[in-house]
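Undergrad: I have a structure here, written as structure tokens, and I will follow up with some questions on it.
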Amino acid sequence: MTISKLFSINFIRKHWSPLRRDVAETILAGVAGQAVLVISGILVARALGPEKRGYLALLVVFPVILSQLGSLGLPQAATYFIAINRDDAHVIYNRLKMPIFVQVFILVIVHFIIVSLYIRNEPNEVIIAGYLSIAVIPGMIAQQYGLAALQGCQMYRSFNILRLMPATIYAILILSIFLAKVALLPSIAFVWVCSCIMVGFFTAYFVKYKVLRLTAYKNRAGSPSLQQMFQFGLKGLIGTVSPIQDFRLDQLVAGLFLSPMALGLYVVGQAFTNLVRFISQSAGMVEYPAVASNVSTATARRMIWRFFLSVSAMNGLVVLALMLMMSILVPFFFGNAFSESIPIARLLLLGAYFESLRRILVEGMRGMGKPEISTWAELSMYPLFAMLAPILMIHYGLIGLATAVILCYFFSFLVASVFFGVFRKLKKTH
């Protein structure tokens, strides 16, 4: 094949399908998000040091856990039912208005109670930062539902731009206060909250006035009820909001049972796994509604395998390269104070690889109307984590915790593979 033919318009049109374009754009957005997070992460780590960086990590974890669990899986259910029939988007979001309001109201109260209990005996900086963080949940919830609508409509250009905005605005604000030499824990918490609130409400506005108005206003006979959406969302809730991956349960364990300094080292090591996660997460974001909108079961199954093979190859190369370069990357970006994060990062990269493979399988099955598989695969690893993490941490500290995470992700991937094999002959359920 000649070079001119390779870059010809006909060749590109033949081999560059809309699905491949959407995957490529979403992965690029994920990589860009990783680059932005690396910049903000470096600045925050250098400004705060290991101990205060650990405090910030815990304050971020609390609202992430609450907003993900408290949504009860409704955003993912909205994505699924909108992907099946885009004309239902307006009806779906009209039915979700009251649940969204109730969720925000309750979660803010719960967040206030949790933060108040945590910071009561901490230094003044932590107390101020903790109370500032209470305002973040409305923005998080607004963005969750807004992105869910865009994902279901498969409007990936807008989806990717809005998905990148919180990290981008946060990085710009962090750079500003870093250069102004006022990058303290309270100021960093403040700019994080501001970025989440601004982007969350802008996303909600964009979806309401630029997306939902393009869809039908009247109920169809087959429009999903609120009960159907709750059932679908609750079946896959735990699989959607992984306590280790999204809630950073391992960070909570490191921070509460080891020390804030240990958590700071662990967070830096974990930062290098974000690229692997973003690649699989981005591919899954396209895979899920694409499979849901595909009527043919055989075609949907072939699509899942293509996604699986592509992501396993791509992430395999990324993990190998990062492992080889880790002894250079950690001191270069974060300084010698975080040199103990090098072996932790290498171990967590391997765990992230197994998690990425599992994600592709369960997102595909979610699109086939089987969200419960993601929950079963996720829940399967927590008895193992509860057994291994204490034993390994007692003997090996952070290395032991990272090893426990690897083993749990590998086991969870095996469970997802078994369920995928068991259900491979079932028809799609709408």
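Here's how to read the names in the structure tokens: chain A, B, ... by the order shown, residue numbers from 1 in each chain, ligand numbers from 1 in the order shown.
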With a cut-off of 12 Å, could you pull out the residues of region 307-334 of chain A touching region 20-41 of chain A and give me the nearest pair of atoms for each, distance in Å to one decimal, using only C-alpha atoms, ordered by chain and ascending number, as a Markdown table?

TA:
```
| residue | atom | partner | partner_atom | distance |
| --- | --- | --- | --- | --- |
| A:Phe307 | CA | A:Val23 | CA | 9.5 |
| A:Ser310 | CA | A:Val23 | CA | 10.7 |
| A:Val311 | CA | A:Ile27 | CA | 10.4 |
| A:Met314 | CA | A:Ile27 | CA | 10.9 |
| A:Asn315 | CA | A:Ile27 | CA | 11.5 |
| A:Val318 | CA | A:Val31 | CA | 11.5 |
| A:Leu329 | CA | A:Val38 | CA | 11.2 |
| A:Val330 | CA | A:Val38 | CA | 11.2 |
| A:Phe332 | CA | A:Val38 | CA | 12.0 |
| A:Phe333 | CA | A:Val38 | CA | 8.5 |
| A:Phe334 | CA | A:Gly41 | CA | 8.6 |
```

Undergrad: Write out, as a PDB file, in the first residue's frame, the residues just selected, with N, CA and C atoms.

TA:
```pdb
ATOM      1  N   PHE A 307     -13.510  -3.901  21.325  1.00  0.00           N
ATOM      2  CA  PHE A 307     -13.097  -2.953  22.368  1.00  0.00           C
ATOM      3  C   PHE A 307     -12.113  -3.612  23.333  1.00  0.00           C
ATOM      4  N   SER A 310      -8.594  -4.158  21.698  1.00  0.00           N
ATOM      5  CA  SER A 310      -7.915  -2.884  21.452  1.00  0.00           C
ATOM      6  C   SER A 310      -7.392  -2.266  22.743  1.00  0.00           C
ATOM      7  N   VAL A 311      -8.222  -2.249  23.771  1.00  0.00           N
ATOM      8  CA  VAL A 311      -7.817  -1.642  25.043  1.00  0.00           C
ATOM      9  C   VAL A 311      -6.740  -2.457  25.725  1.00  0.00           C
ATOM     10  N   MET A 314      -3.450  -1.607  23.882  1.00  0.00           N
ATOM     11  CA  MET A 314      -3.013  -0.235  24.117  1.00  0.00           C
ATOM     12  C   MET A 314      -2.535  -0.034  25.554  1.00  0.00           C
ATOM     13  N   ASN A 315      -3.307  -0.497  26.514  1.00  0.00           N
ATOM     14  CA  ASN A 315      -2.925  -0.317  27.907  1.00  0.00           C
ATOM     15  C   ASN A 315      -1.725  -1.169  28.291  1.00  0.00           C
ATOM     16  N   VAL A 318       1.225   0.931  27.398  1.00  0.00           N
ATOM     17  CA  VAL A 318       1.331   2.079  28.310  1.00  0.00           C
ATOM     18  C   VAL A 318       1.892   1.650  29.661  1.00  0.00           C
ATOM     19  N   LEU A 329      10.457   9.308  36.314  1.00  0.00           N
ATOM     20  CA  LEU A 329       9.275  10.173  36.320  1.00  0.00           C
ATOM     21  C   LEU A 329       8.940  10.717  37.707  1.00  0.00           C
ATOM     22  N   VAL A 330       8.995   9.867  38.735  1.00  0.00           N
ATOM     23  CA  VAL A 330       8.593  10.314  40.071  1.00  0.00           C
ATOM     24  C   VAL A 330       9.471  11.449  40.590  1.00  0.00           C
ATOM     25  N   PHE A 332      11.403  13.429  38.921  1.00  0.00           N
ATOM     26  CA  PHE A 332      11.378  14.571  38.006  1.00  0.00           C
ATOM     27  C   PHE A 332      10.143  15.432  38.242  1.00  0.00           C
ATOM     28  N   PHE A 333       8.976  14.779  38.386  1.00  0.00           N
ATOM     29  CA  PHE A 333       7.739  15.529  38.528  1.00  0.00           C
ATOM     30  C   PHE A 333       7.441  15.939  39.967  1.00  0.00           C
ATOM     31  N   PHE A 334       7.733  15.069  40.911  1.00  0.00           N
ATOM     32  CA  PHE A 334       7.302  15.320  42.284  1.00  0.00           C
ATOM     33  C   PHE A 334       8.445  15.610  43.250  1.00  0.00           C
TER      34      PHE A 334
END
```

Undergrad: With distances taken over only C-alpha atoms, which residue among A:Phe232, A:Tyr145, A:Phe278, A:Tyr266 lies nearest Met368 (chain A)?

TA: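 Counting only C-alpha atoms, the residue closest to Met368 (chain A) is A:Phe232.
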
Undergrad: Considering only C-alpha atoms, give me a table of residues in region 319-421 of chain A that are at most 12 Å from region 281-297 of chain A, with the closest atom pair and distance in Å for each, as JSON lines.

TA:
```
{"residue": "A:Ala352", "atom": "CA", "partner": "A:Gln281", "partner_atom": "CA", "distance": 11.3}
{"residue": "A:Tyr353", "atom": "CA", "partner": "A:Gln281", "partner_atom": "CA", "distance": 11.7}
{"residue": "A:Glu355", "atom": "CA", "partner": "A:Gln281", "partner_atom": "CA", "distance": 10.1}
{"residue": "A:Ser356", "atom": "CA", "partner": "A:Gln281", "partner_atom": "CA", "distance": 7.5}
{"residue": "A:Leu357", "atom": "CA", "partner": "A:Gln281", "partner_atom": "CA", "distance": 10.2}
{"residue": "A:Arg358", "atom": "CA", "partner": "A:Gly284", "partner_atom": "CA", "distance": 10.4}
{"residue": "A:Arg359", "atom": "CA", "partner": "A:Gly284", "partner_atom": "CA", "distance": 7.0}
{"residue": "A:Ile360", "atom": "CA", "partner": "A:Gly284", "partner_atom": "CA", "distance": 5.7}
{"residue": "A:Leu361", "atom": "CA", "partner": "A:Gly284", "partner_atom": "CA", "distance": 8.8}
{"residue": "A:Val362", "atom": "CA", "partner": "A:Gly284", "partner_atom": "CA", "distance": 8.8}
{"residue": "A:Glu363", "atom": "CA", "partner": "A:Tyr288", "partner_atom": "CA", "distance": 5.3}
{"residue": "A:Gly364", "atom": "CA", "partner": "A:Tyr288", "partner_atom": "CA", "distance": 5.6}
{"residue": "A:Met365", "atom": "CA", "partner": "A:Tyr288", "partner_atom": "CA", "distance": 8.1}
{"residue": "A:Arg366", "atom": "CA", "partner": "A:Tyr288", "partner_atom": "CA", "distance": 6.6}
{"residue": "A:Gly367", "atom": "CA", "partner": "A:Ala292", "partner_atom": "CA", "distance": 4.2}
{"residue": "A:Met368", "atom": "CA", "partner": "A:Ala292", "partner_atom": "CA", "distance": 5.7}
{"residue": "A:Gly369", "atom": "CA", "partner": "A:Ala292", "partner_atom": "CA", "distance": 7.4}
{"residue": "A:Lys370", "atom": "CA", "partner": "A:Ala292", "partner_atom": "CA", "distance": 10.4}
{"residue": "A:Pro371", "atom": "CA", "partner": "A:Tyr288", "partner_atom": "CA", "distance": 10.5}
```

Undergrad: Tell me which protein, DNA and RNA residues are within 6 Å of region 192-201 of chain A, counting only C-alpha atoms, leaving out same-chain ones fewer than 2 positions away, and put them as a list in words.

TA: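 Contacts, in chain order: Val136, Gly139, Met140, Ala142, Gln143, Pro166, Ile169, Tyr170, Ala189, Phe190, Thr203 and Ala204 of chain A.
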
Undergrad: Using only C-alpha atoms, which protein or nucleic acid residues come within 8 Å of region 374-381 of chain A? Drop anything in the same chain fewer than 3 positions from it, and give the result as an NGL selection string.

TA: :A and (235-240 or 242 or 362-363 or 365-366 or 371 or 384-385 or 408-409 or 411-413 or 415-416)

Undergrad: How would the residues just chosen look if you wrote them out with C-alpha atoms as a PDB file, in the first residue's frame?

TA:
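Listed below is the output, selection-v2.pdb:
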```
ATOM      1  CA  LYS A 235     -28.484  -3.282  39.784  1.00  0.00           C
ATOM      2  CA  GLY A 236     -25.239  -1.808  38.478  1.00  0.00           C
ATOM      3  CA  LEU A 237     -24.599   0.801  41.172  1.00  0.00           C
ATOM      4  CA  ILE A 238     -21.633  -0.830  42.900  1.00  0.00           C
ATOM      5  CA  GLY A 239     -20.080  -1.790  39.572  1.00  0.00           C
ATOM      6  CA  THR A 240     -20.448   1.759  38.315  1.00  0.00           C
ATOM      7  CA  SER A 242     -16.121   1.173  42.309  1.00  0.00           C
ATOM      8  CA  VAL A 362     -18.738  -4.999  32.226  1.00  0.00           C
ATOM      9  CA  GLU A 363     -19.488  -1.814  30.250  1.00  0.00           C
ATOM     10  CA  MET A 365     -22.618  -6.163  29.304  1.00  0.00           C
ATOM     11  CA  ARG A 366     -24.225  -3.062  30.816  1.00  0.00           C
ATOM     12  CA  PRO A 371     -25.742  -3.981  34.638  1.00  0.00           C
ATOM     13  CA  LEU A 384     -10.481 -10.753  49.383  1.00  0.00           C
ATOM     14  CA  PHE A 385      -9.406  -7.149  49.993  1.00  0.00           C
ATOM     15  CA  CYS A 408      -8.175  -8.022  44.026  1.00  0.00           C
ATOM     16  CA  TYR A 409      -8.365  -6.477  40.566  1.00  0.00           C
ATOM     17  CA  PHE A 411      -9.662 -11.745  40.797  1.00  0.00           C
ATOM     18  CA  SER A 412     -12.432  -9.314  39.855  1.00  0.00           C
ATOM     19  CA  PHE A 413     -11.373  -9.494  36.190  1.00  0.00           C
ATOM     20  CA  VAL A 415     -15.079 -13.097  37.800  1.00  0.00           C
ATOM     21  CA  ALA A 416     -16.205 -10.654  35.082  1.00  0.00           C
TER      22      ALA A 416
END
```

Undergrad: I need the residue nearest Ala149 (chain A) from this list: A:Glu340, A:Asp250, A:Glu51, A:Asp88. Use only C-alpha atoms for the distance.

TA: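 Checking each candidate against Ala149 (chain A), we get A:Asp88 as the closest.
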
Undergrad: Between A:Asn94, A:Ser116, A:Gln151, A:Ser187, which residue has the minimum interatomic distance to Ala129 (chain A), considering only C-alpha atoms?

TA: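 Smallest distance to Ala129 (chain A) is found for A:Ser187.
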
Undergrad: Can you tell me which residues surround Ala386 (chain A) at a distance of at most 12 Å, considering only C-alpha atoms, apart from same-chain residues fewer than 4 positions away, and format the answer as an MDAnalysis selection string?

TA: chainID A and resid 244 249:250 253 379:382 390:393 401 404:405 407:408

Undergrad: Using only C-alpha atoms, which of A:Val61, A:Ala389, A:Leu48, A:Leu322 sits nearest Leu185 (chain A)?

TA: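 Looking at the shortest contact to Leu185 (chain A), the residue is A:Leu48.
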
Undergrad: Return the single residue from A:Leu258, A:Leu59, A:Ile399, A:Leu117 that is closest to Ile344 (chain A), with distances computed using only C-alpha atoms.

TA: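 The closest residue to Ile344 (chain A) is A:Ile399.
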
Undergrad: Which residues are close to Ser327 (chain A), i.e. within 10 Å by only C-alpha atoms, leaving aside same-chain residues fewer than 5 positions away? Reply as a ChimeraX atom specification.

TA: /A:322,332,339,341-343,345-346

Undergrad: Mind dumping the selected residues with N, CA and C atoms as a PDB file, in the first residue's frame?

TA:
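Generated file (out30.pdb):
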```
ATOM      1  N   LEU A 322       5.489   2.921  31.285  1.00  0.00           N
ATOM      2  CA  LEU A 322       5.507   3.660  32.549  1.00  0.00           C
ATOM      3  C   LEU A 322       6.310   2.933  33.617  1.00  0.00           C
ATOM      4  N   PHE A 332      11.403  13.429  38.921  1.00  0.00           N
ATOM      5  CA  PHE A 332      11.378  14.571  38.006  1.00  0.00           C
ATOM      6  C   PHE A 332      10.143  15.432  38.242  1.00  0.00           C
ATOM      7  N   SER A 339      10.270   9.722  46.531  1.00  0.00           N
ATOM      8  CA  SER A 339      10.958   8.589  45.906  1.00  0.00           C
ATOM      9  C   SER A 339      10.398   7.241  46.363  1.00  0.00           C
ATOM     10  N   SER A 341       7.493   6.459  46.474  1.00  0.00           N
ATOM     11  CA  SER A 341       6.296   6.167  45.677  1.00  0.00           C
ATOM     12  C   SER A 341       6.613   5.323  44.443  1.00  0.00           C
ATOM     13  N   ILE A 342       7.878   5.171  44.078  1.00  0.00           N
ATOM     14  CA  ILE A 342       8.258   4.476  42.833  1.00  0.00           C
ATOM     15  C   ILE A 342       7.776   3.026  42.818  1.00  0.00           C
ATOM     16  N   PRO A 343       8.134   2.184  43.809  1.00  0.00           N
ATOM     17  CA  PRO A 343       7.646   0.798  43.765  1.00  0.00           C
ATOM     18  C   PRO A 343       6.128   0.697  43.909  1.00  0.00           C
ATOM     19  N   ALA A 345       3.961   2.838  42.685  1.00  0.00           N
ATOM     20  CA  ALA A 345       3.400   3.164  41.369  1.00  0.00           C
ATOM     21  C   ALA A 345       3.488   1.969  40.425  1.00  0.00           C
ATOM     22  N   ARG A 346       4.611   1.259  40.439  1.00  0.00           N
ATOM     23  CA  ARG A 346       4.768   0.103  39.548  1.00  0.00           C
ATOM     24  C   ARG A 346       3.745  -0.984  39.860  1.00  0.00           C
TER      25      ARG A 346
END
```

Undergrad: So, counting only C-alpha atoms, which residue among A:Met98, A:Leu263, A:Gln231, A:Gly130 is closest to Gln76 (chain A)?

TA: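 Closest residue, counting only C-alpha atoms: A:Gln231.
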
Undergrad: Within 10 Å of Glu125 (chain A), counting only C-alpha atoms, which residues show up once you throw out same-chain ones fewer than 6 positions away? Write them as a compact mmCIF listing (two decimals) with N, CA and C atoms, in the first residue's frame, please.

TA:
```
# COMPACT_ATOMS: atom_id res chain seq x y z
N LYS A 52 0.07 17.15 54.07
CA LYS A 52 -1.10 17.96 53.72
C LYS A 52 -1.73 17.49 52.41
N TYR A 55 -4.16 14.99 53.50
CA TYR A 55 -5.40 15.59 54.01
C TYR A 55 -6.32 15.99 52.86
N ILE A 119 -12.87 16.56 60.95
CA ILE A 119 -11.93 17.68 61.15
C ILE A 119 -11.93 18.25 62.56
N LEU A 184 -2.03 27.32 49.69
CA LEU A 184 -2.19 26.65 50.98
C LEU A 184 -3.36 25.67 50.89
N LEU A 185 -3.51 24.82 51.88
CA LEU A 185 -4.58 23.82 51.84
C LEU A 185 -5.97 24.46 51.69
N PRO A 186 -6.32 25.50 52.45
CA PRO A 186 -7.64 26.11 52.25
C PRO A 186 -7.84 26.72 50.86
N SER A 187 -6.83 27.40 50.34
CA SER A 187 -6.97 28.03 49.03
C SER A 187 -7.08 26.99 47.92
```

Undergrad: What separation in Å, quoted to one decimal, exists between CA of Val102 (chain A) and CA of Ala89 (chain A)?

TA: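 CA of Ala89 (chain A) lies 20.4 Å from CA of Val102 (chain A).
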
Undergrad: As a ChimeraX atom specification, which residues of region 3-242 of chain A does DSSP assign to alpha helix (DSSP H)?

TA: /A:3-6,9-15,18-70,74-84,89-119,124-133,137-152,156-179,185-206,226-235,237-240
